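Coordinates from query-v8.cif are shown below (mmCIF, C-alpha atoms).
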```cif
data_query
#
loop_
_atom_site.label_atom_id
_atom_site.label_comp_id
_atom_site.auth_asym_id
_atom_site.auth_seq_id
_atom_site.Cartn_x
_atom_site.Cartn_y
_atom_site.Cartn_z
CA MET B 17 101.36 164.63 46.55
CA SER B 18 105.01 165.68 46.47
CA PHE B 19 106.11 169.33 46.47
CA LYS B 20 109.35 170.82 45.16
CA ILE B 21 110.84 173.58 47.32
CA PHE B 22 113.86 175.71 46.34
CA LEU B 23 115.96 177.35 49.08
CA GLU B 24 118.03 180.27 47.76
CA THR B 25 121.02 179.56 50.02
CA HIS B 26 124.03 180.65 47.98
CA ASN B 27 125.33 182.66 51.00
CA ILE B 28 125.85 179.36 52.81
CA ILE B 29 129.48 179.29 51.67
CA ASN B 30 130.40 182.23 53.94
CA ARG B 31 129.80 180.98 57.45
CA ALA B 32 131.99 183.70 58.94
CA ALA B 33 129.14 186.15 58.32
CA GLY B 34 125.67 186.26 59.83
CA LEU B 35 123.80 185.36 56.66
CA GLY B 36 126.09 182.43 55.99
CA THR B 37 125.50 181.17 59.52
CA PHE B 38 121.74 181.55 59.08
CA ASN B 39 121.79 179.63 55.79
CA TYR B 40 123.86 176.77 57.18
CA GLU B 41 122.06 176.42 60.51
CA LEU B 42 118.63 176.50 58.87
CA VAL B 43 119.67 173.78 56.42
CA LYS B 44 121.24 171.75 59.21
CA GLY B 45 118.04 172.04 61.25
CA LEU B 46 115.88 171.07 58.28
CA SER B 47 118.07 168.00 57.72
CA THR B 48 116.82 166.58 61.02
CA LEU B 49 113.17 166.71 59.91
CA ASP B 50 111.07 164.16 58.07
CA PHE B 51 109.87 165.69 54.80
CA GLU B 52 109.05 162.65 52.67
CA ASN B 53 106.36 164.57 50.78
CA CYS B 54 108.69 167.42 49.87
CA GLU B 55 111.86 167.69 47.82
CA LEU B 56 114.10 170.49 49.08
CA THR B 57 116.77 171.90 46.75
CA LEU B 58 119.71 173.91 48.07
CA ASN B 59 121.53 176.56 46.04
CA SER B 60 125.31 176.61 46.53
CA SER B 61 128.46 177.43 44.59
CA ASN B 62 130.00 174.25 46.01
CA PRO B 63 127.18 171.71 46.34
CA ASP B 64 129.66 168.84 46.84
CA ILE B 65 130.49 170.16 50.31
CA LEU B 66 126.81 170.12 51.26
CA ARG B 67 126.26 166.74 49.62
CA LYS B 68 129.11 165.29 51.65
CA GLU B 69 127.45 166.41 54.89
CA PHE B 70 123.76 165.98 54.13
CA LYS B 71 123.90 163.14 51.56
CA ASP B 72 120.62 162.64 49.68
CA LYS B 73 118.51 164.46 52.26
CA PHE B 74 118.38 167.37 49.79
CA LYS B 75 118.68 168.03 46.09
CA TYR B 76 121.45 170.40 45.06
CA HIS B 77 121.68 173.21 42.51
CA LYS B 78 125.03 174.75 41.58
CA TYR B 79 124.94 178.50 42.01
CA ASN B 80 126.12 180.63 39.10
CA SER B 81 126.54 184.37 39.51
CA LEU B 82 124.83 184.90 36.15
CA SER B 83 121.57 183.81 37.81
CA ARG B 84 121.53 187.22 39.50
CA HIS B 85 120.48 188.70 36.13
CA SER B 86 116.87 188.41 34.97
CA LEU B 87 117.71 186.79 31.62
CA PHE B 88 119.64 183.97 33.31
CA ARG B 89 117.31 183.29 36.22
CA ILE B 90 116.64 179.69 37.21
CA ARG B 91 113.86 178.47 34.92
CA LYS B 92 112.98 175.21 36.57
CA LYS B 93 109.55 175.46 38.14
CA TYR B 94 109.22 174.93 41.87
CA ASP B 95 106.07 174.81 43.99
CA LEU B 96 107.72 177.12 46.55
CA TRP B 97 110.73 179.41 46.36
CA HIS B 98 112.21 180.45 49.72
CA SER B 99 114.30 183.61 49.51
CA VAL B 100 116.24 183.22 52.76
CA ASN B 101 117.91 186.63 52.48
CA GLN B 102 115.98 189.78 51.62
CA ASN B 103 118.94 191.27 49.74
CA THR B 104 119.70 188.41 47.35
CA LYS B 105 119.52 189.20 43.65
CA VAL B 106 118.89 185.54 42.78
CA GLU B 107 115.22 185.27 41.88
CA PRO B 108 113.06 182.64 40.11
CA PHE B 109 112.21 183.06 36.44
CA TYR B 110 108.78 181.58 37.15
CA CYS B 111 107.16 182.48 40.46
CA ASN B 112 104.52 180.20 41.95
CA LYS B 113 104.56 180.45 45.75
CA TYR B 114 107.22 182.73 47.24
CA LEU B 115 108.40 182.93 50.87
CA LEU B 116 110.57 185.90 51.88
CA THR B 117 112.69 185.93 55.03
CA VAL B 118 113.54 189.42 56.27
CA HIS B 119 116.59 189.78 58.51
CA ASP B 120 116.67 193.57 58.55
CA VAL B 121 116.05 196.62 56.43
CA HIS B 122 119.24 198.42 57.47
CA PHE B 123 119.79 199.37 53.84
CA VAL B 124 117.18 202.12 54.21
CA ASP B 125 119.44 203.90 56.72
CA GLU B 126 122.81 202.76 55.44
CA ILE B 127 122.38 203.04 51.66
CA SER B 128 119.34 205.17 50.77
CA SER B 129 115.86 206.04 51.99
CA ASP B 130 114.86 207.01 48.44
CA PRO B 131 111.99 204.64 47.42
CA ASN B 132 113.36 204.65 43.87
CA HIS B 133 116.85 203.54 44.86
CA ARG B 134 117.65 200.16 43.28
CA VAL B 135 118.05 198.43 46.68
CA ASN B 136 114.64 199.58 47.88
CA LYS B 137 113.02 198.73 44.54
CA LEU B 138 114.50 195.23 44.68
CA PHE B 139 113.09 194.71 48.16
CA LYS B 140 109.67 196.13 47.22
CA ALA B 141 109.50 193.70 44.30
CA LYS B 142 110.14 190.83 46.69
CA LEU B 143 107.39 192.01 49.03
CA GLU B 144 104.92 192.33 46.18
CA LYS B 145 105.38 188.76 44.94
CA SER B 146 105.53 187.16 48.39
CA THR B 147 102.95 184.58 49.40
CA ALA B 148 104.11 184.89 53.02
CA ILE B 149 106.86 186.66 54.97
CA THR B 150 108.97 185.50 57.89
CA TYR B 151 111.00 187.86 60.11
CA ILE B 152 113.84 186.96 62.45
CA SER B 153 112.62 189.39 65.13
CA GLU B 154 109.66 191.56 66.03
CA PHE B 155 111.97 194.52 65.46
CA ALA B 156 112.69 193.42 61.87
CA LYS B 157 108.94 193.14 61.28
CA ALA B 158 108.19 196.56 62.77
CA GLU B 159 110.96 198.25 60.74
CA THR B 160 109.74 196.64 57.51
CA HIS B 161 106.23 197.97 58.14
CA ARG B 162 107.62 201.39 59.06
CA HIS B 163 109.51 201.81 55.80
CA PHE B 164 107.47 199.81 53.28
CA ASN B 165 103.91 199.01 52.29
CA VAL B 166 103.69 195.34 53.25
CA PRO B 167 101.00 193.34 51.41
CA ASN B 168 98.17 191.77 53.39
CA ILE B 169 99.60 188.25 53.50
CA PRO B 170 100.51 185.84 56.32
CA GLU B 171 103.47 187.04 58.41
CA TYR B 172 105.47 185.09 60.99
CA VAL B 173 108.24 185.95 63.43
CA ILE B 174 110.64 183.02 63.78
CA TYR B 175 113.67 183.59 65.98
CA ASN B 176 117.07 182.31 64.93
CA GLY B 177 118.53 179.41 66.87
CA ASN B 178 121.78 179.34 68.82
CA PRO B 179 124.60 178.28 66.46
CA ILE B 180 126.51 176.69 69.34
CA SER B 181 124.87 173.27 69.63
CA THR B 182 128.11 171.51 70.63
CA ILE B 183 130.62 172.72 73.21
CA LEU B 184 134.07 172.09 71.77
CA ASP B 185 137.18 171.02 73.64
CA THR B 186 139.35 174.15 73.45
CA SER B 187 142.02 173.01 75.92
CA LYS B 188 144.60 172.66 73.15
CA TYR B 189 143.74 175.88 71.35
CA ILE B 190 146.80 178.07 70.77
CA THR B 191 146.62 181.81 70.17
CA ASP B 192 149.29 184.45 69.71
CA ILE B 193 147.04 186.99 71.46
CA PRO B 194 148.51 187.83 74.93
CA LEU B 195 146.43 186.33 77.74
CA ASP B 196 148.35 187.92 80.61
CA LYS B 197 145.30 189.94 81.70
CA PRO B 198 141.60 189.16 82.02
CA PHE B 199 139.86 190.24 78.83
CA PHE B 200 136.61 191.32 77.27
CA TYR B 201 135.58 189.78 73.95
CA THR B 202 133.46 190.56 70.91
CA ILE B 203 133.06 189.17 67.40
CA GLY B 204 131.38 190.23 64.18
CA ASP B 205 131.79 191.78 60.75
CA PHE B 206 133.92 194.91 60.63
CA ILE B 207 131.19 197.27 59.50
CA GLU B 208 130.35 200.65 60.99
CA ARG B 209 127.13 199.59 62.70
CA LYS B 210 129.11 197.24 64.96
CA ASN B 211 130.30 200.40 66.73
CA TYR B 212 133.61 198.93 67.93
CA GLU B 213 135.05 202.40 68.42
CA SER B 214 132.78 202.88 71.46
CA ILE B 215 134.33 200.02 73.43
CA ILE B 216 137.85 200.93 72.25
CA ASN B 217 137.33 204.48 73.56
CA MET B 218 136.07 202.96 76.82
CA MET B 219 139.26 200.88 77.06
CA LYS B 220 141.28 204.10 77.36
CA LEU B 221 139.81 204.31 80.88
CA ILE B 222 140.47 200.67 81.80
CA LYS B 223 144.00 199.45 82.49
CA ASP B 224 143.58 196.04 84.13
CA PHE B 225 141.76 194.31 81.23
CA ASN B 226 142.41 193.65 77.57
CA LEU B 227 139.89 193.71 74.72
CA ILE B 228 139.90 191.09 71.96
CA ILE B 229 137.87 191.57 68.76
CA SER B 230 137.40 188.80 66.16
CA GLY B 231 136.19 189.14 62.58
CA ASN B 232 137.43 189.97 59.10
CA ASN B 233 139.06 193.38 59.54
CA ASN B 234 140.40 193.76 55.98
CA LYS B 235 137.83 196.42 55.15
CA LYS B 236 137.70 200.20 55.36
CA TYR B 237 136.14 200.13 58.83
CA GLY B 238 138.77 197.62 59.93
CA GLU B 239 141.52 200.02 58.90
CA GLU B 240 139.79 202.81 60.82
CA ILE B 241 139.65 200.63 63.93
CA LYS B 242 143.35 199.72 63.62
CA LYS B 243 144.21 203.42 63.36
CA LEU B 244 142.04 204.24 66.40
CA ILE B 245 143.85 201.58 68.44
CA ALA B 246 147.28 202.83 67.37
CA ASP B 247 146.48 206.54 67.78
CA ASN B 248 145.36 205.95 71.37
CA GLY B 249 148.36 203.84 72.37
CA LEU B 250 146.25 200.72 72.87
CA THR B 251 148.21 198.25 70.72
CA LYS B 252 149.22 196.30 73.84
CA GLN B 253 145.69 196.23 75.22
CA VAL B 254 143.25 195.91 72.28
CA PHE B 255 143.86 192.99 69.92
CA LEU B 256 142.29 191.94 66.59
CA THR B 257 142.34 188.23 65.78
CA GLY B 258 140.96 188.49 62.22
CA LYS B 259 138.71 185.65 61.08
CA ILE B 260 138.56 182.88 63.62
CA SER B 261 137.63 179.19 63.76
CA ASP B 262 134.72 177.84 65.78
CA GLU B 263 137.27 176.45 68.24
CA GLY B 264 138.87 179.86 68.60
CA LYS B 265 135.55 181.64 69.03
CA GLN B 266 134.50 179.23 71.75
CA PHE B 267 137.90 179.53 73.45
CA PHE B 268 137.57 183.30 73.77
CA MET B 269 133.92 183.12 74.80
CA LYS B 270 134.67 180.53 77.47
CA ASN B 271 137.57 182.49 78.92
CA CYS B 272 136.46 186.12 78.63
CA THR B 273 135.33 188.14 81.64
CA ALA B 274 132.41 189.52 79.65
CA PHE B 275 131.07 189.71 76.12
CA LEU B 276 130.57 193.21 74.71
CA PHE B 277 128.25 193.95 71.79
CA PRO B 278 127.66 197.69 71.30
CA SER B 279 126.08 197.36 67.82
CA ILE B 280 123.71 200.15 66.84
CA ARG B 281 121.78 198.11 64.23
CA GLU B 282 120.94 194.41 64.42
CA GLY B 283 118.15 192.34 62.98
CA PHE B 284 118.91 189.73 65.64
CA GLY B 285 122.44 189.62 67.13
CA LEU B 286 123.58 185.98 67.13
CA PRO B 287 126.97 186.48 68.86
CA SER B 288 125.30 187.63 72.07
CA ILE B 289 123.32 184.37 72.26
CA GLU B 290 126.48 182.37 71.58
CA ALA B 291 128.31 184.05 74.47
CA MET B 292 125.35 183.39 76.78
CA THR B 293 125.83 179.67 76.12
CA PHE B 294 128.85 179.88 78.42
CA GLY B 295 127.00 181.86 81.07
CA LYS B 296 129.02 184.98 80.37
CA PRO B 297 127.67 188.42 81.30
CA THR B 298 126.70 190.13 78.05
CA PHE B 299 126.68 193.89 77.65
CA LEU B 300 124.67 195.11 74.67
CA SER B 301 123.53 198.42 73.27
CA ASN B 302 119.83 199.04 73.80
CA LYS B 303 119.39 199.67 70.07
CA THR B 304 117.13 197.93 67.55
CA SER B 305 116.57 194.19 68.18
CA LEU B 306 119.12 193.61 70.94
CA PRO B 307 116.85 194.17 74.00
CA GLU B 308 114.32 191.79 72.41
CA ILE B 309 116.95 189.08 72.04
CA GLY B 310 118.96 189.66 75.21
CA GLY B 311 115.91 189.98 77.44
CA ASN B 312 116.55 190.22 81.18
CA ALA B 313 119.69 188.10 80.82
CA SER B 314 121.76 190.98 79.42
CA ILE B 315 122.86 194.42 80.57
CA TYR B 316 122.38 197.44 78.29
CA TRP B 317 124.15 200.66 77.42
CA ASP B 318 121.81 203.58 76.71
CA ASN B 319 124.57 205.72 75.21
CA PHE B 320 128.24 205.44 74.30
CA ASP B 321 129.95 207.95 76.55
CA PRO B 322 133.16 206.15 77.65
CA GLU B 323 132.81 206.96 81.38
CA TYR B 324 129.17 205.90 81.37
CA MET B 325 129.96 202.66 79.52
CA LYS B 326 132.73 201.85 82.01
CA THR B 327 130.37 202.45 84.94
CA ILE B 328 127.65 200.21 83.51
CA LEU B 329 130.25 197.53 82.72
CA PHE B 330 131.81 197.36 86.17
CA ASP B 331 128.51 197.75 88.03
CA GLY B 332 127.19 194.87 85.95
CA LEU B 333 130.25 192.74 86.59
CA HIS B 334 129.97 193.39 90.33
CA GLU B 335 126.31 192.35 90.34
CA TYR B 336 127.16 189.23 88.31
CA GLU B 337 129.96 188.16 90.68
CA THR B 338 127.80 188.87 93.72
CA ASN B 339 125.02 186.59 92.42
CA LYS B 340 127.07 184.40 90.09
CA VAL B 341 125.17 181.10 90.38
CA GLU B 342 121.78 182.75 89.85
CA ARG B 343 122.94 185.09 87.06
CA GLU B 344 124.80 182.34 85.20
CA ALA B 345 121.67 180.14 85.28
CA ILE B 346 119.50 182.97 83.90
CA ILE B 347 122.00 183.67 81.12
CA LYS B 348 122.38 180.02 80.08
CA LYS B 349 118.60 179.54 80.08
CA ARG B 350 118.22 182.50 77.76
CA ALA B 351 120.73 180.96 75.34
CA ALA B 352 118.85 177.64 75.45
CA ASP B 353 115.60 179.39 74.47
CA PHE B 354 117.00 179.72 70.92
CA ASP B 355 117.22 176.35 69.16
CA TRP B 356 117.84 175.77 65.44
CA LYS B 357 115.92 172.49 65.32
CA ARG B 358 112.83 174.27 66.61
CA THR B 359 113.50 177.18 64.25
CA ALA B 360 113.79 174.83 61.25
CA ALA B 361 110.58 173.05 62.26
CA ASP B 362 108.80 176.42 62.40
CA TYR B 363 110.03 177.27 58.88
CA PHE B 364 108.90 173.91 57.57
CA ASP B 365 105.51 174.50 59.19
CA VAL B 366 105.29 177.73 57.16
CA TYR B 367 106.18 175.79 53.99
CA THR B 368 103.33 173.42 54.75
CA LYS B 369 100.84 176.23 55.38
CA ILE B 370 101.76 177.85 52.06
CA LEU B 371 101.60 174.64 50.00
CA TYR B 372 98.48 172.98 51.39
#
```
Show me, as structure tokens, the structure contained in the file I just sent.
Amino acid sequence: MSFKIFLETHNIINRAAGLGTFNYELVKGLSTLDFENCELTLNSSNPDILRKEFKDKFKYHKYNSLSRHSLFRIRKKYDLWHSVNQNTKVEPFYCNKYLLTVHDVHFVDEISSDPNHRVNKLFKAKLEKSTAITYISEFAKAETHRHFNVPNIPEYVIYNGNPISTILDTSKYITDIPLDKPFFYTIGDFIERKNYESIINMMKLIKDFNLIISGNNNKKYGEEIKKLIADNGLTKQVFLTGKISDEGKQFFMKNCTAFLFPSIREGFGLPSIEAMTFGKPTFLSNKTSLPEIGGNASIYWDNFDPEYMKTILFDGLHEYETNKVEREAIIKKRAADFDWKRTAADYFDVYTKILY
């Protein structure tokens, strides 16, 4: 018996964002598996790019934004529909088996806690038609249960893998960011929950290091961060790279003194795992999923007072340098615990449990 599975992966085109990374890495992991008895279809606005990489391993459906509206939903019948992002508006016209992957329910805090708000109603509708649910962390699962009535169906926690599966040669990478001082590094979307202002305020107390932040900063929060840097006279100490290539990201992660990730809301927190690949000390907030993901390999801020953050940072760096071989091994092992091939195999195992 052969089963047809549809993966709603239209976010795969934007690999600079977390959801795009998840889409791509899951598909890449699935491509390494043997699924002769299943036909997997990917949804993408540019299927030719995927076809070039994955050949005939998958079937391909061209995403059309009209499919976000109920009248124009995809009408082809599939044995299983995998909604790989809990916020997508692309839904099947016919629903047989339905798998929902929940990354976070930040929208309850960031948009509205009103159960009748359209975002919450959309999510509740997904829960109600789900055959099974996967979560990317125990935190994401706990928050979903805290805010919503989750149906009595199978639930699984499947951790994301580490996107850095290949260490790139960055010896020829050129940047116009000054590298005259040792530097701290961070990367992510420029949205308020990333809490970049906390580490910028900390940098007012630190003169011998620079701070480099990567990510698309052409948003409202990005403009606020630029103003904060300028208003505090930090334009020669705090630098924004904008969007960055994989080579650039790895260059800064390889060469930074430490990776800083003060986010106040994360369903997982992929960048911290990426930085650990290089054995770098990682300093995270102790909020939401980050302690679950960082484990004992990371150091945590309990609050965002600049003096306190500076103390934790330099105490942590001293401990790291004092026990560098041991600490680096612990950090790299933690990064290796997250593997996309294993993650993809776990998702395919869920497909099998649903279909058989």
Inset, instruction - Run the PyMOL selection byres ((chain B and resi 264) around 12) mentally over the shown coordinates, then write out the matched residues as a ChimeraX atom specification, using the chain letters and numbers from the document. - result: /B:183-193,201,203,228-231,257-263,265-271
Inset, instruction - Write out as a ChimeraX atom specification the residues lying within 6 Å of stretch 107-116 of chain B, counting only C-alpha atoms and excluding same-chain residues fewer than 6 positions away. - result: /B:89-91,95-99,146-149
Give, as AutoDock Vina command-line options, the centre coordinates and the x, y and z edge lengths in Å to one decimal for an axis-aligned box around all listed atoms of stretch 308-317 of chain B, padded by 5 Å on each side.
```
--center_x 119.2 --center_y 194.4 --center_z 76.6 --size_x 19.8 --size_y 22.6 --size_z 19.1
```
Inset, instruction - Name the residues in contact with B:Glu308 at a cut-off of 10 Å, using all atoms listed in the file, excluding same-chain residues fewer than 6 positions from it; report them as a PyMOL selection string. - result: chain B and resi 153-155+284-285+302
Inset, instruction - Could you tell me which of B:Asn312, B:Thr304, B:Thr368, B:Ser181 comes closest to B:Ala352 if we count all atoms listed in the file? - result: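 Of all the options, B:Ser181 lies closest to B:Ala352.
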Inset, instruction - Go through the shown structure with the PyMOL selection byres ((chain B and resi 56-63) around 9) and write out the matching residues as a ChimeraX atom specification. - result: /B:19-29,43,51,54-55,64-68,73-81
Would you export the selected residues with C-alpha atoms as a PDB file, in the coordinates of the input, please?
```pdb
ATOM      1  CA  PHE B  19     106.110 169.330  46.470  1.00  0.00           C
ATOM      2  CA  LYS B  20     109.350 170.820  45.160  1.00  0.00           C
ATOM      3  CA  ILE B  21     110.840 173.580  47.320  1.00  0.00           C
ATOM      4  CA  PHE B  22     113.860 175.710  46.340  1.00  0.00           C
ATOM      5  CA  LEU B  23     115.960 177.350  49.080  1.00  0.00           C
ATOM      6  CA  GLU B  24     118.030 180.270  47.760  1.00  0.00           C
ATOM      7  CA  THR B  25     121.020 179.560  50.020  1.00  0.00           C
ATOM      8  CA  HIS B  26     124.030 180.650  47.980  1.00  0.00           C
ATOM      9  CA  ASN B  27     125.330 182.660  51.000  1.00  0.00           C
ATOM     10  CA  ILE B  28     125.850 179.360  52.810  1.00  0.00           C
ATOM     11  CA  ILE B  29     129.480 179.290  51.670  1.00  0.00           C
ATOM     12  CA  VAL B  43     119.670 173.780  56.420  1.00  0.00           C
ATOM     13  CA  PHE B  51     109.870 165.690  54.800  1.00  0.00           C
ATOM     14  CA  CYS B  54     108.690 167.420  49.870  1.00  0.00           C
ATOM     15  CA  GLU B  55     111.860 167.690  47.820  1.00  0.00           C
ATOM     16  CA  ASP B  64     129.660 168.840  46.840  1.00  0.00           C
ATOM     17  CA  ILE B  65     130.490 170.160  50.310  1.00  0.00           C
ATOM     18  CA  LEU B  66     126.810 170.120  51.260  1.00  0.00           C
ATOM     19  CA  ARG B  67     126.260 166.740  49.620  1.00  0.00           C
ATOM     20  CA  LYS B  68     129.110 165.290  51.650  1.00  0.00           C
ATOM     21  CA  LYS B  73     118.510 164.460  52.260  1.00  0.00           C
ATOM     22  CA  PHE B  74     118.380 167.370  49.790  1.00  0.00           C
ATOM     23  CA  LYS B  75     118.680 168.030  46.090  1.00  0.00           C
ATOM     24  CA  TYR B  76     121.450 170.400  45.060  1.00  0.00           C
ATOM     25  CA  HIS B  77     121.680 173.210  42.510  1.00  0.00           C
ATOM     26  CA  LYS B  78     125.030 174.750  41.580  1.00  0.00           C
ATOM     27  CA  TYR B  79     124.940 178.500  42.010  1.00  0.00           C
ATOM     28  CA  ASN B  80     126.120 180.630  39.100  1.00  0.00           C
ATOM     29  CA  SER B  81     126.540 184.370  39.510  1.00  0.00           C
TER      30      SER B  81
END
```
Inset, instruction - For each of B:Ala345, B:Asp50, B:Pro170, B:Asn103, take the minimum atom-to-atom distance to B:Arg84, counting only C-alpha atoms, then give the residue where this is smallest. - result: B:Asn103
Inset, instruction - Give the answer as one residue: which of B:Pro297, B:Leu46, B:Thr251, B:Leu227 has the shortest atom-to-atom distance to B:Asn339, using only C-alpha atoms? - result: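 Checking each candidate against B:Asn339, we get B:Pro297 as the closest.
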Inset, instruction - Record the distance separating atom CA of B:Tyr363 and atom CA of B:Thr160, expressed in Å with one decimal. - result: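 We find that atom CA of B:Tyr363 and atom CA of B:Thr160 lie 19.4 Å from each other.
With atom CA of B:Phe206 on one side and atom CA of B:Gly238 on the other, the separation reads 5.6 Å.
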Inset, instruction - Can you work out which one of B:Gly295, B:Pro167, B:Gly310, B:Pro179 has the shortest atom-to-atom distance to B:Arg343, counting all atoms listed in the file? - result: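 Result for the nearest residue to B:Arg343: B:Gly295.
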Legend entry - Pick from B:Ile370, B:Ile207, B:Ala291, B:Leu195, whichever lies nearest to B:Gln253 using only C-alpha atoms: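 Checking each candidate against B:Gln253, we get B:Leu195 as the closest.
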Inset, instruction - Quote the spacing between atom CA of B:Ser18 and atom CA of B:Ala361 in Å to one decimal place. - result: 18.3 Å
Inset, instruction - Select, from B:Glu240, B:Glu335, B:Asp362, B:Asp318, the residue with the minimum atom-to-atom distance to B:Tyr212, counting all atoms listed in the file. - result: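 Closest residue, counting all atoms listed in the file: B:Glu240.
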Which residues are close to B:Glu159, i.e. within 9 Å by only C-alpha atoms, leaving aside same-chain residues fewer than 6 positions away? Reply as a PDB file with C-alpha atoms, in the frame of the given file.
```pdb
ATOM      1  CA  ASP B 120     116.670 193.570  58.550  1.00  0.00           C
ATOM      2  CA  VAL B 121     116.050 196.620  56.430  1.00  0.00           C
ATOM      3  CA  HIS B 122     119.240 198.420  57.470  1.00  0.00           C
TER       4      HIS B 122
END
```
Each residue of stretch 26-131 of chain B with at least one atom at most 9 Å from stretch 353-360 of chain B should appear once, together with its nearest atom pair and the corresponding distance in Å (one decimal); atoms considered: only C-alpha atoms; ordering: chain, then increasing residue number; output as JSON lines.
```
{"residue": "B:Glu41", "atom": "CA", "partner": "B:Trp356", "partner_atom": "CA", "distance": 6.5}
{"residue": "B:Leu42", "atom": "CA", "partner": "B:Ala360", "partner_atom": "CA", "distance": 5.6}
{"residue": "B:Val43", "atom": "CA", "partner": "B:Ala360", "partner_atom": "CA", "distance": 7.7}
{"residue": "B:Lys44", "atom": "CA", "partner": "B:Lys357", "partner_atom": "CA", "distance": 8.1}
{"residue": "B:Gly45", "atom": "CA", "partner": "B:Lys357", "partner_atom": "CA", "distance": 4.6}
{"residue": "B:Leu46", "atom": "CA", "partner": "B:Ala360", "partner_atom": "CA", "distance": 5.2}
{"residue": "B:Ser47", "atom": "CA", "partner": "B:Ala360", "partner_atom": "CA", "distance": 8.8}
{"residue": "B:Thr48", "atom": "CA", "partner": "B:Lys357", "partner_atom": "CA", "distance": 7.4}
{"residue": "B:Leu49", "atom": "CA", "partner": "B:Ala360", "partner_atom": "CA", "distance": 8.3}
```
Inset, instruction - Please tell me which residues are no farther than 9 Å from (142.6, 193.0, 77.0) in the file, counting only C-alpha atoms, and write them as number ranges by chain. - result: B: 194-201, 219, 223-228, 252-255
